[in-house]
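S.K.: mmCIF, C-alpha atoms, saved as upload-v7.cif, coming up:
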data_model
loop_
_atom_site.label_atom_id
_atom_site.label_comp_id
_atom_site.auth_asym_id
_atom_site.auth_seq_id
_atom_site.Cartn_x
_atom_site.Cartn_y
_atom_site.Cartn_z
CA MET E 1 4.85 14.02 -13.40
CA THR E 2 6.58 17.01 -14.97
CA ARG E 3 10.12 18.05 -14.01
CA HIS E 4 11.93 21.03 -15.49
CA GLY E 5 9.67 21.06 -18.53
CA SER E 6 10.23 17.39 -19.42
CA ARG E 7 7.73 14.59 -19.04
CA SER E 8 8.45 11.31 -17.33
CA THR E 9 6.26 8.40 -16.41
CA GLU E 10 6.11 6.68 -13.04
CA SER E 11 5.54 2.99 -12.59
CA ALA E 12 2.61 1.98 -10.39
CA GLY E 13 3.37 2.72 -6.73
CA GLN E 14 6.69 4.47 -7.45
CA ALA E 15 5.46 7.76 -5.99
CA LEU E 16 4.56 5.94 -2.78
CA LEU E 17 8.14 4.73 -2.36
CA PHE E 18 9.39 8.30 -2.14
CA ASP E 19 6.52 9.87 -0.21
CA ASP E 20 8.35 10.66 3.02
CA ASP E 21 5.27 12.03 4.79
CA LEU E 22 3.32 8.85 4.11
CA THR E 23 6.26 6.61 5.03
CA HIS E 24 6.81 8.44 8.32
CA ARG E 25 3.07 8.34 9.11
CA VAL E 26 2.92 4.58 8.45
CA LEU E 27 5.98 3.95 10.64
CA ARG E 28 4.44 6.09 13.40
CA GLU E 29 1.08 4.27 13.13
CA ALA E 30 2.84 0.89 13.09
CA ARG E 31 3.85 1.67 16.67
CA ASP E 32 0.43 2.94 17.74
CA PRO E 33 -2.29 1.92 17.04
CA GLY E 34 -0.51 -0.76 14.92
CA TYR E 35 -1.11 -2.80 11.78
CA VAL E 36 -2.06 -6.45 11.32
CA LEU E 37 -2.06 -8.69 8.24
CA VAL E 38 -5.40 -10.51 8.15
CA GLY E 39 -6.10 -13.92 6.67
CA ILE E 40 -4.25 -15.97 4.10
CA ALA E 41 -4.12 -12.99 1.71
CA GLU E 42 -2.50 -10.93 4.49
CA LYS E 43 -4.64 -7.86 3.81
CA VAL E 44 -3.39 -4.85 5.75
CA HIS E 45 -5.65 -3.64 8.57
CA THR E 46 -5.18 -0.94 11.18
CA ARG E 47 -5.97 -1.65 14.78
CA ALA E 48 -8.74 0.62 16.00
CA ILE E 49 -7.35 3.60 17.92
CA GLY E 50 -7.14 2.92 21.63
CA THR E 51 -7.85 -0.80 21.17
CA ARG E 52 -4.35 -2.24 20.59
CA ALA E 53 -4.94 -4.86 23.28
CA ALA E 54 -8.59 -5.46 22.31
CA GLU E 55 -7.61 -6.82 18.86
CA MET E 56 -10.13 -4.82 16.82
CA ALA E 57 -9.07 -4.07 13.23
CA ILE E 58 -10.34 -2.00 10.31
CA PRO E 59 -9.15 -2.18 6.66
CA ALA E 60 -6.25 0.20 5.95
CA ARG E 61 -6.42 2.79 3.18
CA PRO E 62 -4.94 1.49 -0.11
CA ASP E 63 -1.96 3.89 -0.03
CA GLU E 64 -1.16 2.83 3.54
CA ALA E 65 -1.48 -0.87 2.64
CA VAL E 66 0.96 -0.49 -0.27
CA THR E 67 3.42 1.43 1.92
CA VAL E 68 3.22 -1.23 4.66
CA ALA E 69 4.00 -3.89 2.03
CA HIS E 70 6.98 -1.89 0.72
CA LEU E 71 8.31 -1.28 4.24
CA LEU E 72 7.98 -4.99 5.05
CA ALA E 73 9.92 -5.86 1.88
CA ALA E 74 12.58 -3.26 2.75
CA GLY E 75 12.96 -4.61 6.30
CA ARG E 76 11.79 -1.41 7.99
CA LEU E 77 8.78 -3.30 9.35
CA HIS E 78 8.67 -7.01 10.16
CA HIS E 79 6.21 -9.80 10.91
CA GLY E 80 5.42 -10.32 14.57
CA ALA E 81 3.20 -12.64 16.57
CA ARG E 82 0.02 -14.35 15.38
CA VAL E 83 -3.16 -12.95 16.92
CA SER E 84 -6.91 -13.15 16.43
CA VAL E 85 -8.75 -9.96 15.47
CA LEU E 86 -12.34 -8.89 15.06
CA ILE E 87 -13.11 -7.02 11.84
CA ASP E 88 -16.15 -4.79 11.35
CA SER E 89 -19.32 -6.50 12.55
CA ARG E 90 -18.14 -10.09 12.02
CA ARG E 91 -18.71 -12.30 15.03
CA GLU E 92 -15.87 -14.76 14.39
CA PRO E 93 -12.28 -13.62 14.97
CA GLU E 94 -9.85 -13.98 12.08
CA SER E 95 -6.23 -15.04 12.19
CA ALA E 96 -3.76 -12.17 11.71
CA ILE E 97 -0.06 -11.40 11.96
CA VAL E 98 1.11 -8.34 13.87
CA VAL E 99 3.31 -5.88 11.94
CA ASP E 100 6.14 -4.68 14.19
CA VAL E 101 8.70 -1.90 13.95
CA PRO E 102 12.22 -3.28 14.48
CA ALA E 103 14.01 -1.88 17.52
CA THR E 104 16.72 -0.38 15.31
CA ALA E 105 14.12 1.71 13.45
CA ALA E 106 12.98 3.21 16.75
CA THR E 107 16.32 4.93 17.35
CA ALA E 108 17.05 8.11 15.42
CA PRO E 109 20.20 8.11 13.29
CA THR E 110 23.03 10.39 14.31
CA PRO E 111 25.03 12.55 11.86
CA ASP E 112 28.08 10.33 12.50
CA ASP E 113 26.25 7.21 11.26
CA PRO E 114 27.02 6.63 7.58
CA VAL E 115 23.83 6.33 5.57
CA ARG E 116 23.52 3.88 2.68
CA LEU E 117 22.21 5.71 -0.39
CA LEU E 118 20.01 4.16 -3.07
CA VAL E 119 19.83 5.75 -6.53
CA ASP E 120 17.14 4.45 -8.88
CA VAL E 121 17.81 5.76 -12.41
CA VAL E 122 14.26 5.68 -13.75
CA ARG E 123 15.23 7.05 -17.16
CA PRO E 124 18.42 8.47 -18.67
CA GLY E 125 19.20 11.71 -16.87
CA LEU E 126 16.85 11.22 -13.90
CA GLY E 127 17.86 9.42 -10.71
CA LEU E 128 15.68 9.18 -7.59
CA VAL E 129 17.74 9.11 -4.38
CA THR E 130 16.57 7.55 -1.13
CA ALA E 131 18.42 7.17 2.16
CA ALA E 132 18.20 3.48 3.10
CA ASP E 133 17.03 4.47 6.59
CA GLY E 134 14.21 6.58 5.10
CA THR E 135 15.33 9.87 6.63
CA PHE E 136 15.46 11.80 3.33
CA SER E 137 15.08 11.54 -0.43
CA GLY E 138 15.64 13.66 -3.51
CA SER E 139 16.48 13.53 -7.18
CA ILE E 140 19.39 14.05 -9.53
CA VAL E 141 18.60 15.55 -12.94
CA ARG E 142 21.07 15.82 -15.83
CA GLN E 143 21.27 19.36 -17.23
CA ASP E 144 23.92 20.97 -19.46
CA GLY E 145 26.56 18.26 -18.97
CA SER E 146 26.31 18.01 -15.18
CA TYR E 147 23.65 16.99 -12.68
CA LEU E 148 21.34 19.16 -10.58
CA VAL E 149 20.83 17.80 -7.07
CA GLU E 150 17.36 18.45 -5.63
CA THR E 151 15.70 17.80 -2.28
CA GLU E 152 12.43 15.89 -2.05
CA HIS E 153 10.70 19.29 -2.20
CA GLY E 154 12.34 20.22 -5.52
CA ASP E 155 14.83 22.73 -4.06
CA VAL E 156 18.11 22.70 -6.01
CA ILE E 157 21.06 22.42 -3.61
CA GLY E 158 23.88 22.33 -6.17
CA ARG E 159 25.51 20.47 -9.03
CA ALA E 160 27.39 17.17 -9.22
CA SER E 161 29.50 15.32 -11.76
CA SER E 162 27.70 11.95 -11.35
CA TYR E 163 24.80 10.21 -9.62
CA ARG E 164 27.20 8.92 -6.94
CA VAL E 165 28.60 12.39 -6.18
CA GLY E 166 25.07 13.87 -6.24
CA ALA E 167 23.75 11.30 -3.75
CA ALA E 168 26.65 12.04 -1.38
CA ARG E 169 25.98 15.78 -1.71
CA LEU E 170 22.31 15.23 -0.81
CA ALA E 171 23.32 13.24 2.30
CA ARG E 172 25.67 16.01 3.46
CA HIS E 173 22.92 18.59 2.82
CA HIS E 174 20.77 16.65 5.31
CA GLY E 175 23.59 16.59 7.86
CA ARG E 176 24.47 12.93 7.28
CA ARG E 177 27.74 11.21 6.44
CA PRO E 178 27.40 9.45 3.06
CA GLY E 179 27.96 5.70 3.10
CA PRO E 180 27.88 3.25 0.21
CA VAL E 181 25.94 4.39 -2.88
CA GLU E 182 23.97 1.71 -4.75
CA ILE E 183 22.88 2.69 -8.25
CA GLU E 184 20.23 0.71 -10.11
CA HIS E 185 19.28 1.47 -13.71
CA GLU E 186 15.75 0.71 -14.88
CA ARG E 187 15.86 -1.49 -17.97
CA GLU E 188 12.33 -0.73 -19.21
CA VAL E 189 11.99 0.32 -22.83
CA TYR E 190 9.73 3.30 -23.37
CA GLY E 191 8.06 3.62 -26.73
#
Written as structure tokens, that's how I'd like the structure from this file.

M.R.:
Amino acid sequence: MTRHGSRSTESAGQALLFDDDLTHRVLREARDPGYVLVGIAEKVHTRAIGTRAAEMAIPARPDEAVTVAHLLAAGRLHHGARVSVLIDSRREPESAIVVDVPATAATAPTPDDPVRLLVDVVRPGLGLVTAADGTFSGSIVRQDGSYLVETEHGDVIGRASSYRVGAARLARHHGRRPGPVEIEHEREVYG
């Protein structure tokens, strides 16, 4: 990935964490047609469209499966009831766990709700910002002694004096009231 003429590396799956379109699509599809975790390995499958009650499942695309796993770990999806599903042309049903969307995720946040902000400093001078409720993301890039604040689309919305101030500015840009800002610095050594 190239940003402002500098090169940075992404760890495996990092781009998926900040892909809002994919995250929103997975959350939408978790409601209908739905996902199930099949077998002991809990491989992610999608219920066949229009067959939510019929318990038919097909393997999910790899990017969807990774996103479902991340959303489960983040608490935006959760494990539901155990069911039996039929996969492909197999005759025997397999044990599966339904993936559910928590009721709180179904309600849209209001501008008065403070949003918790997560800043992942992936390298010195580059912080990736994510709203904990998944409604927006962006980045903060150090330039000339201050920080540029960018939307997830790369549009610069202004400058900030720190990652914390930049994350709050991004929240206000999206019409949200900033809440607590959690900053995590990657400790990986690049050589």

S.K.: Which residue is closest to E:Gly75? Choose from E:Ala168, E:Leu148, E:Val101, E:Met56 and count all atoms listed in the file.

M.R.: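 Closest to E:Gly75 of all the choices is E:Val101.
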
S.K.: Rank E:Arg177, E:Arg164, E:His45, E:Arg142 by their smallest atom-to-atom distance to E:Leu118, using all atoms listed in the file, and report the top residue only.

M.R.: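 Using all atoms listed in the file, the shortest distance to E:Leu118 belongs to E:Arg164.
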
S.K.: Starting from the displayed file, determine the output of the PyMOL selection byres ((chain E and resi 145) around 12) and express the residue list as number ranges by chain.

M.R.: E: 125, 141-144, 146-148, 159-162

S.K.: For atom CA of E:Thr151 and atom CA of E:His173, determine how far apart the two atoms are, in Å to one decimal place.

M.R.: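 Atom CA of E:His173 lies at a distance of 8.9 Å from atom CA of E:Thr151.
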
S.K.: If you measure from atom CA of E:Pro124 to atom CA of E:Phe136, what distance in Å do you get, rounded to one decimal?

M.R.: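 Pair atom CA of E:Pro124 / atom CA of E:Phe136 returns 22.4 Å.
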
S.K.: Starting from the shown file, work through the PyMOL selection byres ((chain E and resi 127) around 10) and note down what comes out as a list in words.

M.R.: Leu118, Val119, Asp120, Val121, Val122, Arg123, Pro124, Gly125, Leu126, Leu128, Val129, Thr130, Gly138, Ser139, Ile140, Val141, Arg142, Tyr147, Val149, Tyr163, Gly166, Ala167, Ile183, Glu184, His185 and Glu186 of chain E

S.K.: I would like the residues chosen by the PyMOL selection byres ((chain E and resi 63-72) around 12) on the shown file; could you give them as an NGL selection string?

M.R.: :E and (12-30 or 34-38 or 42-46 or 58-62 or 73-80 or 98-102 or 105 or 132-134)

S.K.: Hey, can you spit out that residue selection with C-alpha atoms as a short mmCIF file (atom, residue, chain, number, x, y, z; two decimals), in the frame of the given file?

M.R.:
data_model
loop_
_atom_site.label_atom_id
_atom_site.label_comp_id
_atom_site.auth_asym_id
_atom_site.auth_seq_id
_atom_site.Cartn_x
_atom_site.Cartn_y
_atom_site.Cartn_z
CA ALA E 12 2.61 1.98 -10.39
CA GLY E 13 3.37 2.72 -6.73
CA GLN E 14 6.69 4.47 -7.45
CA ALA E 15 5.46 7.76 -5.99
CA LEU E 16 4.56 5.94 -2.78
CA LEU E 17 8.14 4.73 -2.36
CA PHE E 18 9.39 8.30 -2.14
CA ASP E 19 6.52 9.87 -0.21
CA ASP E 20 8.35 10.66 3.02
CA ASP E 21 5.27 12.03 4.79
CA LEU E 22 3.32 8.85 4.11
CA THR E 23 6.26 6.61 5.03
CA HIS E 24 6.81 8.44 8.32
CA ARG E 25 3.07 8.34 9.11
CA VAL E 26 2.92 4.58 8.45
CA LEU E 27 5.98 3.95 10.64
CA ARG E 28 4.44 6.09 13.40
CA GLU E 29 1.08 4.27 13.13
CA ALA E 30 2.84 0.89 13.09
CA GLY E 34 -0.51 -0.76 14.92
CA TYR E 35 -1.11 -2.80 11.78
CA VAL E 36 -2.06 -6.45 11.32
CA LEU E 37 -2.06 -8.69 8.24
CA VAL E 38 -5.40 -10.51 8.15
CA GLU E 42 -2.50 -10.93 4.49
CA LYS E 43 -4.64 -7.86 3.81
CA VAL E 44 -3.39 -4.85 5.75
CA HIS E 45 -5.65 -3.64 8.57
CA THR E 46 -5.18 -0.94 11.18
CA ILE E 58 -10.34 -2.00 10.31
CA PRO E 59 -9.15 -2.18 6.66
CA ALA E 60 -6.25 0.20 5.95
CA ARG E 61 -6.42 2.79 3.18
CA PRO E 62 -4.94 1.49 -0.11
CA ALA E 73 9.92 -5.86 1.88
CA ALA E 74 12.58 -3.26 2.75
CA GLY E 75 12.96 -4.61 6.30
CA ARG E 76 11.79 -1.41 7.99
CA LEU E 77 8.78 -3.30 9.35
CA HIS E 78 8.67 -7.01 10.16
CA HIS E 79 6.21 -9.80 10.91
CA GLY E 80 5.42 -10.32 14.57
CA VAL E 98 1.11 -8.34 13.87
CA VAL E 99 3.31 -5.88 11.94
CA ASP E 100 6.14 -4.68 14.19
CA VAL E 101 8.70 -1.90 13.95
CA PRO E 102 12.22 -3.28 14.48
CA ALA E 105 14.12 1.71 13.45
CA ALA E 132 18.20 3.48 3.10
CA ASP E 133 17.03 4.47 6.59
CA GLY E 134 14.21 6.58 5.10
#

S.K.: Quote the spacing between atom CA of E:Ala171 and atom CA of E:Arg31 in Å to one decimal place.

M.R.: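 A separation of 26.8 Å between them.
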
S.K.: May I have the residues within 12 Å of E:Pro114 as a tab-separated table (two decimals) with C-alpha atoms, in the coordinates of the input, using all atoms listed in the file and disregarding those fewer than 3 positions away in the same chain?

M.R.:
chain	number	residue	atom	x	y	z
E	109	PRO	CA	20.20	8.11	13.29
E	110	THR	CA	23.03	10.39	14.31
E	111	PRO	CA	25.03	12.55	11.86
E	117	LEU	CA	22.21	5.71	-0.39
E	131	ALA	CA	18.42	7.17	2.16
E	132	ALA	CA	18.20	3.48	3.10
E	133	ASP	CA	17.03	4.47	6.59
E	168	ALA	CA	26.65	12.04	-1.38
E	171	ALA	CA	23.32	13.24	2.30
E	172	ARG	CA	25.67	16.01	3.46
E	175	GLY	CA	23.59	16.59	7.86
E	176	ARG	CA	24.47	12.93	7.28
E	177	ARG	CA	27.74	11.21	6.44
E	178	PRO	CA	27.40	9.45	3.06
E	179	GLY	CA	27.96	5.70	3.10
E	180	PRO	CA	27.88	3.25	0.21
E	181	VAL	CA	25.94	4.39	-2.88

S.K.: Excluding E:Leu86 and residues on its chain fewer than 3 positions from it, collect all residues at most 7 Å away from it, counting all atoms listed in the file, and give them as a ChimeraX atom specification.

M.R.: /E:55-57,90,92-94

S.K.: For each of E:Ile40, E:Leu170, E:Ala48, E:Val83, take the minimum atom-to-atom distance to E:Gly158, counting only C-alpha atoms, then give the residue where this is smallest.

M.R.: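 Using only C-alpha atoms, the shortest distance to E:Gly158 belongs to E:Leu170.
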
S.K.: Of the candidates E:Ala81, E:His153, E:Glu182, E:Asp88, which shows the shortest atom-to-atom distance to E:Arg47, using all atoms listed in the file?

M.R.: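 Under the stated criterion, the closest residue is E:Asp88.
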